[in-house]
Amino acid sequence: MTLTLHLEQALLPGGFADDVRLTVSEGAITAVEAGVPAGAGDTRLTGLALPGMPNLHSHAFQRGMAGLSERRGAAEDSFWTWRDVMYRFLDRLDPDDVQALAAQAFVEMLEGGFTALAEFHYLHHDKDGRPYADIAAMGGAIAAAAGETGLGLTLLPVLYRFGNFGQAPSVHGQRRFVNDRDSYLKLIEASEAAIRPLPDARLGLAPHSLRAVALDDLGWLAALRPEGPLHIHVAEQMREVEDSVAIMGRRPVALLADTVELDRRWCLIHATHLDDSERDAIAASGAVAGLCPITEASLGDGIFDGVRYRASGGVFGVGSDSNIQIDAGAELRLLEYSQRFRDRRRALMAEADASTGVALWRAAAAGGAQACGRALGALAPGLRADLVTLDASHPALIGKTGEAVLDSALFAANALPVRDVFVGGRPVVVDGRHPAREAVKARFAGVMRKLLAAL
């Protein structure tokens, strides 16, 4: 099927352009023309069109526990106390619950400017830790939620074997995550079947962290799917760094780079606590730093050194991770503001004499597409027709054009002022609303009332 979209204004690889006509066939852009009038059969879109933003890291089920971890405990609160709350919440989930939670998160992602997702999926087994009859029943729930909402999906079944560095035994709260190599191979096969009905879906692989796998698992995983994306949590917390040094003798990113060859397939989630050599090694490898600024702020992780990483040529993208707030613009804004807090200067993620908003959006769209392992990230021939238009009537955008629109959307609007969203050339958000919003919300509400009554 071929269609044409006429964009009032668009951010193209060469810059901003007016009256842009996209020809789309089988979900991909086949031609881009600028400065041409709309044709009789064109779908006309007003406002500024941007390439859709890939969300490179999410745990969809955590949308249901948002707000439940904000009570201070008797001891010092940290990522590790938050993790205990998460273990208690997921104890109650079944595949139908996960589909309902994921669908709600995915609607919010689409309405928040994300058009594709890399779902870092580690909740696999039944409540007693035994595999479901379909070992990928939980992954199938994620795929079903993507299918019903129209979000582009890269599913990342996670290998989780141990409780800490040095192959320490897993703990009770991790029983629903754990696979050995044999069961993981079955999980991959079943996960591939689960995503097969979705348009342009991809399967990647994910060792959960250096804490949760053996070092020789890394090369084994990389060889299983030589062309697919590989994601891993790394160096998120200072305690993780300290444990890695104490038990393994190396800092986490240095240990990872010594164990497996980092390349463009890899996405290093968080990578918050790096020394200079680790930061430069990631940048030189072409791997993606997967940044989740809102979650990293919520958990007290720390601030990624985006300024020096960008100066080294590093690639990055953003993800919604714990899904406490789902907004592509808010992730980019907090990334920039965190650099300003630390360095006490402004416009730090942009080049000299350039727009901060444009620099952030371009870089994160390209890095996110790489992390998802899909042809996304720009409005150009050969790439998927994923795009977002901004509402020109929003008070923050009125009277503005070009880079001023994007700067204002990121730094002067309470939330990203999304008007329309297309995924693979198909409209999934119209006038700021997903058509399934109310039905998805009603199902989500029923699940949440059930889960909270059991807490």
# chains A, B, ... in the order shown; residues from 1 in each chain; ligands from 1
call {"tool": "residues_around", "arguments": {"residues": "A:Leu156", "least_positions_apart": "4", "cutoff": "8 Å", "atoms": "only C-alpha atoms", "output": "VMD selection string"}}
result
chain A and resid 118 to 121 203 to 206 231
call {"tool": "write_last_selection", "arguments": {"atoms": "N, CA and C atoms", "output": "tab-separated table (two decimals), in the first residue's frame"}}
result
chain	number	residue	atom	x	y	z
A	118	ALA	N	12.40	-0.46	22.64
A	118	ALA	CA	13.19	-1.64	22.99
A	118	ALA	C	12.80	-2.03	24.40
A	119	GLU	N	12.02	-3.10	24.52
A	119	GLU	CA	11.49	-3.53	25.82
A	119	GLU	C	12.45	-4.54	26.45
A	120	PHE	N	13.08	-4.14	27.55
A	120	PHE	CA	14.06	-4.94	28.28
A	120	PHE	C	13.26	-5.84	29.22
A	121	HIS	N	12.98	-7.05	28.74
A	121	HIS	CA	11.93	-7.88	29.33
A	121	HIS	C	12.53	-9.03	30.14
A	203	LEU	N	13.86	-8.88	17.28
A	203	LEU	CA	14.23	-9.56	18.51
A	203	LEU	C	15.70	-9.28	18.79
A	204	GLY	N	15.98	-8.81	19.99
A	204	GLY	CA	17.35	-8.65	20.44
A	204	GLY	C	17.57	-9.51	21.67
A	205	LEU	N	18.76	-9.43	22.23
A	205	LEU	CA	19.11	-10.22	23.42
A	205	LEU	C	19.67	-9.30	24.48
A	206	ALA	N	19.53	-9.70	25.75
A	206	ALA	CA	19.96	-8.83	26.82
A	206	ALA	C	20.46	-9.62	28.03
A	231	HIS	N	21.64	-5.52	24.68
A	231	HIS	CA	21.51	-4.49	25.72
A	231	HIS	C	21.93	-5.06	27.07
call {"tool": "residues_around", "arguments": {"residues": "A:Trp266", "least_positions_apart": "4", "cutoff": "7 Å", "atoms": "only C-alpha atoms", "output": "list of chain:residue names"}}
result
A:Pro229, A:Leu230, A:His231, A:Leu262, A:Ala287, A:Val288
call {"tool": "residues_around", "arguments": {"residues": "stretch 399-403 of chain A", "least_positions_apart": "2", "cutoff": "8 Å", "atoms": "only C-alpha atoms", "output": "mmCIF file with N, CA and C atoms, in the first residue's frame"}}
result
data_model
loop_
_atom_site.group_PDB
_atom_site.id
_atom_site.type_symbol
_atom_site.label_atom_id
_atom_site.label_comp_id
_atom_site.auth_asym_id
_atom_site.auth_seq_id
_atom_site.Cartn_x
_atom_site.Cartn_y
_atom_site.Cartn_z
ATOM 1 N N GLN A 9 5.739 21.649 7.800
ATOM 2 C CA GLN A 9 7.164 21.889 8.030
ATOM 3 C C GLN A 9 7.747 20.620 8.628
ATOM 4 N N LEU A 11 11.581 18.512 10.028
ATOM 5 C CA LEU A 11 13.016 18.429 10.282
ATOM 6 C C LEU A 11 13.564 17.269 9.466
ATOM 7 N N PHE A 16 15.609 22.143 8.348
ATOM 8 C CA PHE A 16 14.176 22.384 8.311
ATOM 9 C C PHE A 16 13.732 22.715 6.888
ATOM 10 N N LEU A 48 5.064 21.276 13.030
ATOM 11 C CA LEU A 48 6.403 20.779 12.712
ATOM 12 C C LEU A 48 6.442 19.265 12.852
ATOM 13 N N SER A 355 21.099 24.995 17.975
ATOM 14 C CA SER A 355 19.926 24.772 18.813
ATOM 15 C C SER A 355 20.127 23.553 19.718
ATOM 16 N N GLY A 357 17.654 22.026 21.384
ATOM 17 C CA GLY A 357 16.563 21.089 21.110
ATOM 18 C C GLY A 357 16.823 20.240 19.890
ATOM 19 N N VAL A 358 17.309 20.865 18.817
ATOM 20 C CA VAL A 358 17.589 20.109 17.589
ATOM 21 C C VAL A 358 18.711 19.111 17.822
ATOM 22 N N LEU A 397 4.331 27.354 21.383
ATOM 23 C CA LEU A 397 4.831 27.290 20.004
ATOM 24 C C LEU A 397 4.275 28.371 19.096
ATOM 25 N N VAL A 405 10.698 26.253 17.312
ATOM 26 C CA VAL A 405 9.584 25.379 17.661
ATOM 27 C C VAL A 405 10.063 24.223 18.523
ATOM 28 N N LEU A 406 11.130 23.571 18.099
ATOM 29 C CA LEU A 406 11.615 22.408 18.845
ATOM 30 C C LEU A 406 12.221 22.818 20.177
ATOM 31 N N ASP A 407 12.975 23.902 20.206
ATOM 32 C CA ASP A 407 13.507 24.391 21.479
ATOM 33 C C ASP A 407 12.377 24.693 22.460
#
call {"tool": "closest_atom_pairs", "arguments": {"of": "stretch 337-421 of chain A", "to": "stretch 87-109 of chain A", "cutoff": "12 Å", "atoms": "only C-alpha atoms", "output": "CSV"}}
result
residue,atom,partner,partner_atom,distance
A:Val388,CA,A:Met109,CA,11.8
A:Ala415,CA,A:Glu108,CA,11.8
A:Leu416,CA,A:Met109,CA,11.2
A:Val418,CA,A:Met109,CA,11.0
A:Val421,CA,A:Met109,CA,10.6
call {"tool": "write_last_selection", "arguments": {"atoms": "N, CA and C atoms", "output": "CSV table (one decimal), in the first residue's frame"}}
result
chain,number,residue,atom,x,y,z
A,388,VAL,N,6.3,12.3,14.3
A,388,VAL,CA,5.5,13.0,15.3
A,388,VAL,C,5.3,14.5,14.8
A,415,ALA,N,4.5,19.6,28.8
A,415,ALA,CA,4.7,18.2,28.2
A,415,ALA,C,4.9,18.4,26.7
A,416,LEU,N,5.5,17.5,26.1
A,416,LEU,CA,5.7,17.6,24.6
A,416,LEU,C,4.4,17.8,23.9
A,418,VAL,N,2.4,17.1,21.5
A,418,VAL,CA,2.2,16.2,20.3
A,418,VAL,C,0.8,16.4,19.7
A,421,VAL,N,0.8,11.3,15.5
A,421,VAL,CA,1.9,10.4,15.5
A,421,VAL,C,1.6,9.3,14.4
call {"tool": "select_by_dssp", "arguments": {"residues": "stretch 267-429 of chain A", "states": "strand (DSSP E)", "output": "compact mmCIF listing (two decimals) with N, CA and C atoms, in the first residue's frame"}}
result
# COMPACT_ATOMS: atom_id res chain seq x y z
N CYS A 267 24.03 -1.74 23.50
CA CYS A 267 23.47 -0.57 24.17
C CYS A 267 23.73 -0.74 25.66
N LEU A 268 24.49 0.17 26.23
CA LEU A 268 24.86 0.12 27.64
C LEU A 268 23.90 1.02 28.42
N ILE A 269 22.97 0.38 29.13
CA ILE A 269 21.93 1.12 29.81
C ILE A 269 22.49 1.78 31.08
N HIS A 270 22.24 3.06 31.21
CA HIS A 270 22.66 3.94 32.30
C HIS A 270 24.13 4.34 32.14
N VAL A 288 25.90 2.35 22.00
CA VAL A 288 24.98 3.40 22.43
C VAL A 288 24.95 3.46 23.96
N ALA A 289 25.04 4.66 24.50
CA ALA A 289 24.76 4.86 25.92
C ALA A 289 23.26 5.07 26.05
N GLY A 290 22.59 4.16 26.77
CA GLY A 290 21.14 4.21 26.93
C GLY A 290 20.78 4.97 28.19
N LEU A 291 20.41 6.22 28.03
CA LEU A 291 20.19 7.11 29.17
C LEU A 291 18.70 7.20 29.50
N VAL A 315 27.63 8.03 21.08
CA VAL A 315 26.25 7.90 20.63
C VAL A 315 25.35 7.65 21.83
N PHE A 316 24.19 8.31 21.88
CA PHE A 316 23.27 8.09 22.99
C PHE A 316 21.83 8.11 22.51
N GLY A 317 20.96 7.54 23.32
CA GLY A 317 19.52 7.65 23.14
C GLY A 317 18.88 7.69 24.50
N VAL A 318 17.55 7.81 24.54
CA VAL A 318 16.86 7.91 25.82
C VAL A 318 15.77 6.86 25.92
N LEU A 387 6.84 9.23 12.51
CA LEU A 387 6.97 10.67 12.68
C LEU A 387 5.98 11.19 13.70
N VAL A 388 6.33 12.34 14.25
CA VAL A 388 5.53 13.04 15.26
C VAL A 388 5.35 14.47 14.77
N THR A 389 4.13 15.00 14.84
CA THR A 389 3.94 16.42 14.57
C THR A 389 3.62 17.14 15.87
N LEU A 390 4.14 18.36 16.00
CA LEU A 390 3.90 19.18 17.18
C LEU A 390 2.75 20.14 16.90
N VAL A 418 2.37 17.08 21.48
CA VAL A 418 2.20 16.18 20.34
C VAL A 418 0.80 16.38 19.75
N ARG A 419 0.74 16.44 18.43
CA ARG A 419 -0.55 16.50 17.74
C ARG A 419 -0.88 15.17 17.09
N ASP A 420 -0.03 14.74 16.14
CA ASP A 420 -0.27 13.50 15.40
C ASP A 420 0.97 12.62 15.45
N VAL A 421 0.75 11.31 15.45
CA VAL A 421 1.85 10.36 15.45
C VAL A 421 1.56 9.28 14.42
N PHE A 422 2.56 8.99 13.60
CA PHE A 422 2.47 7.92 12.61
C PHE A 422 3.56 6.90 12.90
N VAL A 423 3.21 5.63 12.84
CA VAL A 423 4.17 4.53 12.99
C VAL A 423 4.07 3.68 11.74
N ARG A 426 1.26 4.63 9.47
CA ARG A 426 -0.10 4.44 9.98
C ARG A 426 -0.37 5.41 11.12
N PRO A 427 -1.49 6.16 11.08
CA PRO A 427 -1.78 7.09 12.17
C PRO A 427 -2.17 6.34 13.44
N VAL A 428 -1.50 6.66 14.54
CA VAL A 428 -1.80 6.01 15.81
C VAL A 428 -2.19 7.01 16.89
N VAL A 429 -1.91 8.27 16.68
CA VAL A 429 -2.37 9.35 17.55
C VAL A 429 -2.89 10.46 16.66
call {"tool": "closest_residue", "arguments": {"among": "A:Glu8, A:Gly52, A:Ala366, A:Pro13", "to": "A:Ala385", "atoms": "only C-alpha atoms"}}
result
A:Gly52
call {"tool": "atom_distance", "arguments": {"atom1": "atom CA of A:Glu236", "atom2": "atom CA of A:Gly139"}}
result
24.9 Å
call {"tool": "closest_atom_pairs", "arguments": {"of": "stretch 55-123 of chain A", "to": "stretch 372-376 of chain A", "cutoff": "10 Å", "atoms": "only C-alpha atoms", "output": "tab-separated table"}}
result
residue	atom	partner	partner_atom	distance
A:Asn55	CA	A:Cys372	CA	8.3
A:Leu56	CA	A:Cys372	CA	6.4
A:His57	CA	A:Cys372	CA	9.3
A:Thr115	CA	A:Leu376	CA	9.6
A:Ala116	CA	A:Cys372	CA	7.9
A:Leu117	CA	A:Cys372	CA	7.0
A:Ala118	CA	A:Cys372	CA	5.6
A:Glu119	CA	A:Cys372	CA	9.2
call {"tool": "closest_residue", "arguments": {"among": "A:Ser312, A:Val241, A:Leu256, A:Leu335", "to": "A:Asp276", "atoms": "only C-alpha atoms"}}
result
A:Ser312
call {"tool": "atom_distance", "arguments": {"atom1": "atom CA of A:Leu110", "atom2": "atom CA of A:Gly152"}}
result
9.8 Å
call {"tool": "select_by_dssp", "arguments": {"residues": "stretch 258-373 of chain A", "states": "alpha helix (DSSP H)", "output": "PyMOL selection string"}}
result
chain A and resi 258-259+276-285+293-298+306-311+328-343+356-372
call {"tool": "write_last_selection", "arguments": {"atoms": "C-alpha atoms", "output": "PDB file, in the first residue's frame"}}
result
ATOM      1  CA  ASP A 258      37.713  -6.695  28.472  1.00  0.00           C
ATOM      2  CA  THR A 259      35.292  -9.623  28.189  1.00  0.00           C
ATOM      3  CA  ASP A 276      37.639   8.700  31.569  1.00  0.00           C
ATOM      4  CA  SER A 277      38.958   5.534  29.943  1.00  0.00           C
ATOM      5  CA  GLU A 278      35.592   3.766  30.215  1.00  0.00           C
ATOM      6  CA  ARG A 279      33.719   6.736  28.772  1.00  0.00           C
ATOM      7  CA  ASP A 280      36.143   7.018  25.863  1.00  0.00           C
ATOM      8  CA  ALA A 281      36.009   3.259  25.226  1.00  0.00           C
ATOM      9  CA  ILE A 282      32.215   3.324  24.844  1.00  0.00           C
ATOM     10  CA  ALA A 283      32.404   6.303  22.503  1.00  0.00           C
ATOM     11  CA  ALA A 284      35.139   4.724  20.377  1.00  0.00           C
ATOM     12  CA  SER A 285      33.272   1.412  20.096  1.00  0.00           C
ATOM     13  CA  PRO A 293      17.257  10.629  32.982  1.00  0.00           C
ATOM     14  CA  ILE A 294      13.877  10.621  34.748  1.00  0.00           C
ATOM     15  CA  THR A 295      14.372   7.169  36.262  1.00  0.00           C
ATOM     16  CA  GLU A 296      18.006   7.891  37.070  1.00  0.00           C
ATOM     17  CA  ALA A 297      16.892  11.009  38.943  1.00  0.00           C
ATOM     18  CA  SER A 298      14.077   9.129  40.697  1.00  0.00           C
ATOM     19  CA  GLY A 306      26.891  13.776  28.580  1.00  0.00           C
ATOM     20  CA  VAL A 307      29.077  16.759  27.794  1.00  0.00           C
ATOM     21  CA  ARG A 308      32.371  14.878  27.771  1.00  0.00           C
ATOM     22  CA  TYR A 309      30.803  11.793  26.210  1.00  0.00           C
ATOM     23  CA  ARG A 310      29.445  13.851  23.303  1.00  0.00           C
ATOM     24  CA  ALA A 311      32.818  15.579  22.922  1.00  0.00           C
ATOM     25  CA  ALA A 328      10.184  11.949  25.146  1.00  0.00           C
ATOM     26  CA  GLY A 329      10.607  15.690  25.600  1.00  0.00           C
ATOM     27  CA  ALA A 330      10.863  15.413  29.386  1.00  0.00           C
ATOM     28  CA  GLU A 331      13.675  12.844  29.109  1.00  0.00           C
ATOM     29  CA  LEU A 332      15.667  15.123  26.804  1.00  0.00           C
ATOM     30  CA  ARG A 333      14.995  18.201  28.921  1.00  0.00           C
ATOM     31  CA  LEU A 334      16.189  16.505  32.104  1.00  0.00           C
ATOM     32  CA  LEU A 335      19.276  15.186  30.328  1.00  0.00           C
ATOM     33  CA  GLU A 336      20.237  18.732  29.384  1.00  0.00           C
ATOM     34  CA  TYR A 337      19.255  20.249  32.725  1.00  0.00           C
ATOM     35  CA  SER A 338      21.279  17.679  34.660  1.00  0.00           C
ATOM     36  CA  GLN A 339      24.384  18.806  32.794  1.00  0.00           C
ATOM     37  CA  ARG A 340      23.557  22.420  33.659  1.00  0.00           C
ATOM     38  CA  PHE A 341      23.070  21.585  37.344  1.00  0.00           C
ATOM     39  CA  ARG A 342      26.470  19.940  37.491  1.00  0.00           C
ATOM     40  CA  ASP A 343      28.506  22.371  35.390  1.00  0.00           C
ATOM     41  CA  THR A 356      19.951  22.601  21.942  1.00  0.00           C
ATOM     42  CA  GLY A 357      16.563  21.089  21.110  1.00  0.00           C
ATOM     43  CA  VAL A 358      17.589  20.109  17.589  1.00  0.00           C
ATOM     44  CA  ALA A 359      20.884  18.626  18.787  1.00  0.00           C
ATOM     45  CA  LEU A 360      19.148  16.547  21.442  1.00  0.00           C
ATOM     46  CA  TRP A 361      16.323  15.304  19.211  1.00  0.00           C
ATOM     47  CA  ARG A 362      18.563  14.372  16.268  1.00  0.00           C
ATOM     48  CA  ALA A 363      21.130  12.568  18.400  1.00  0.00           C
ATOM     49  CA  ALA A 364      18.620  10.662  20.534  1.00  0.00           C
ATOM     50  CA  ALA A 365      16.506   9.650  17.522  1.00  0.00           C
ATOM     51  CA  ALA A 366      19.555   8.260  15.703  1.00  0.00           C
ATOM     52  CA  GLY A 367      20.991   6.558  18.790  1.00  0.00           C
ATOM     53  CA  GLY A 368      17.629   5.104  19.744  1.00  0.00           C
ATOM     54  CA  ALA A 369      17.137   3.691  16.261  1.00  0.00           C
ATOM     55  CA  GLN A 370      20.558   2.035  16.436  1.00  0.00           C
ATOM     56  CA  ALA A 371      19.739   0.555  19.835  1.00  0.00           C
ATOM     57  CA  CYS A 372      16.418  -0.810  18.544  1.00  0.00           C
TER      58      CYS A 372
END
call {"tool": "closest_residue", "arguments": {"among": "A:Thr154, A:Gly112, A:Ala133, A:Asp42", "to": "A:Pro417", "atoms": "only C-alpha atoms"}}
result
A:Gly112
call {"tool": "residues_around", "arguments": {"residues": "stretch 320-324 of chain A", "least_positions_apart": "6", "cutoff": "6 Å", "atoms": "only C-alpha atoms", "output": "list in words"}}
result
His57, Ser58, His59, Gln62, Arg63, Ala66 and Cys292 of chain A
call {"tool": "atom_distance", "arguments": {"atom1": "atom CA of A:Thr23", "atom2": "atom CA of A:Ala49"}}
result
14.6 Å
call {"tool": "residues_around", "arguments": {"residues": "A:Ala194", "least_positions_apart": "2", "cutoff": "7 Å", "atoms": "only C-alpha atoms", "output": "ChimeraX atom specification"}}
result
/A:140,143,190-192,196
call {"tool": "write_last_selection", "arguments": {"atoms": "C-alpha atoms", "output": "compact mmCIF listing (two decimals), in the first residue's frame"}}
result
# COMPACT_ATOMS: atom_id res chain seq x y z
CA GLY A 140 3.69 -12.61 24.31
CA ALA A 143 3.87 -8.25 21.94
CA ALA A 190 9.18 -18.71 21.75
CA SER A 191 9.74 -14.93 21.89
CA GLU A 192 10.49 -14.86 18.18
CA ARG A 196 6.14 -12.63 14.34
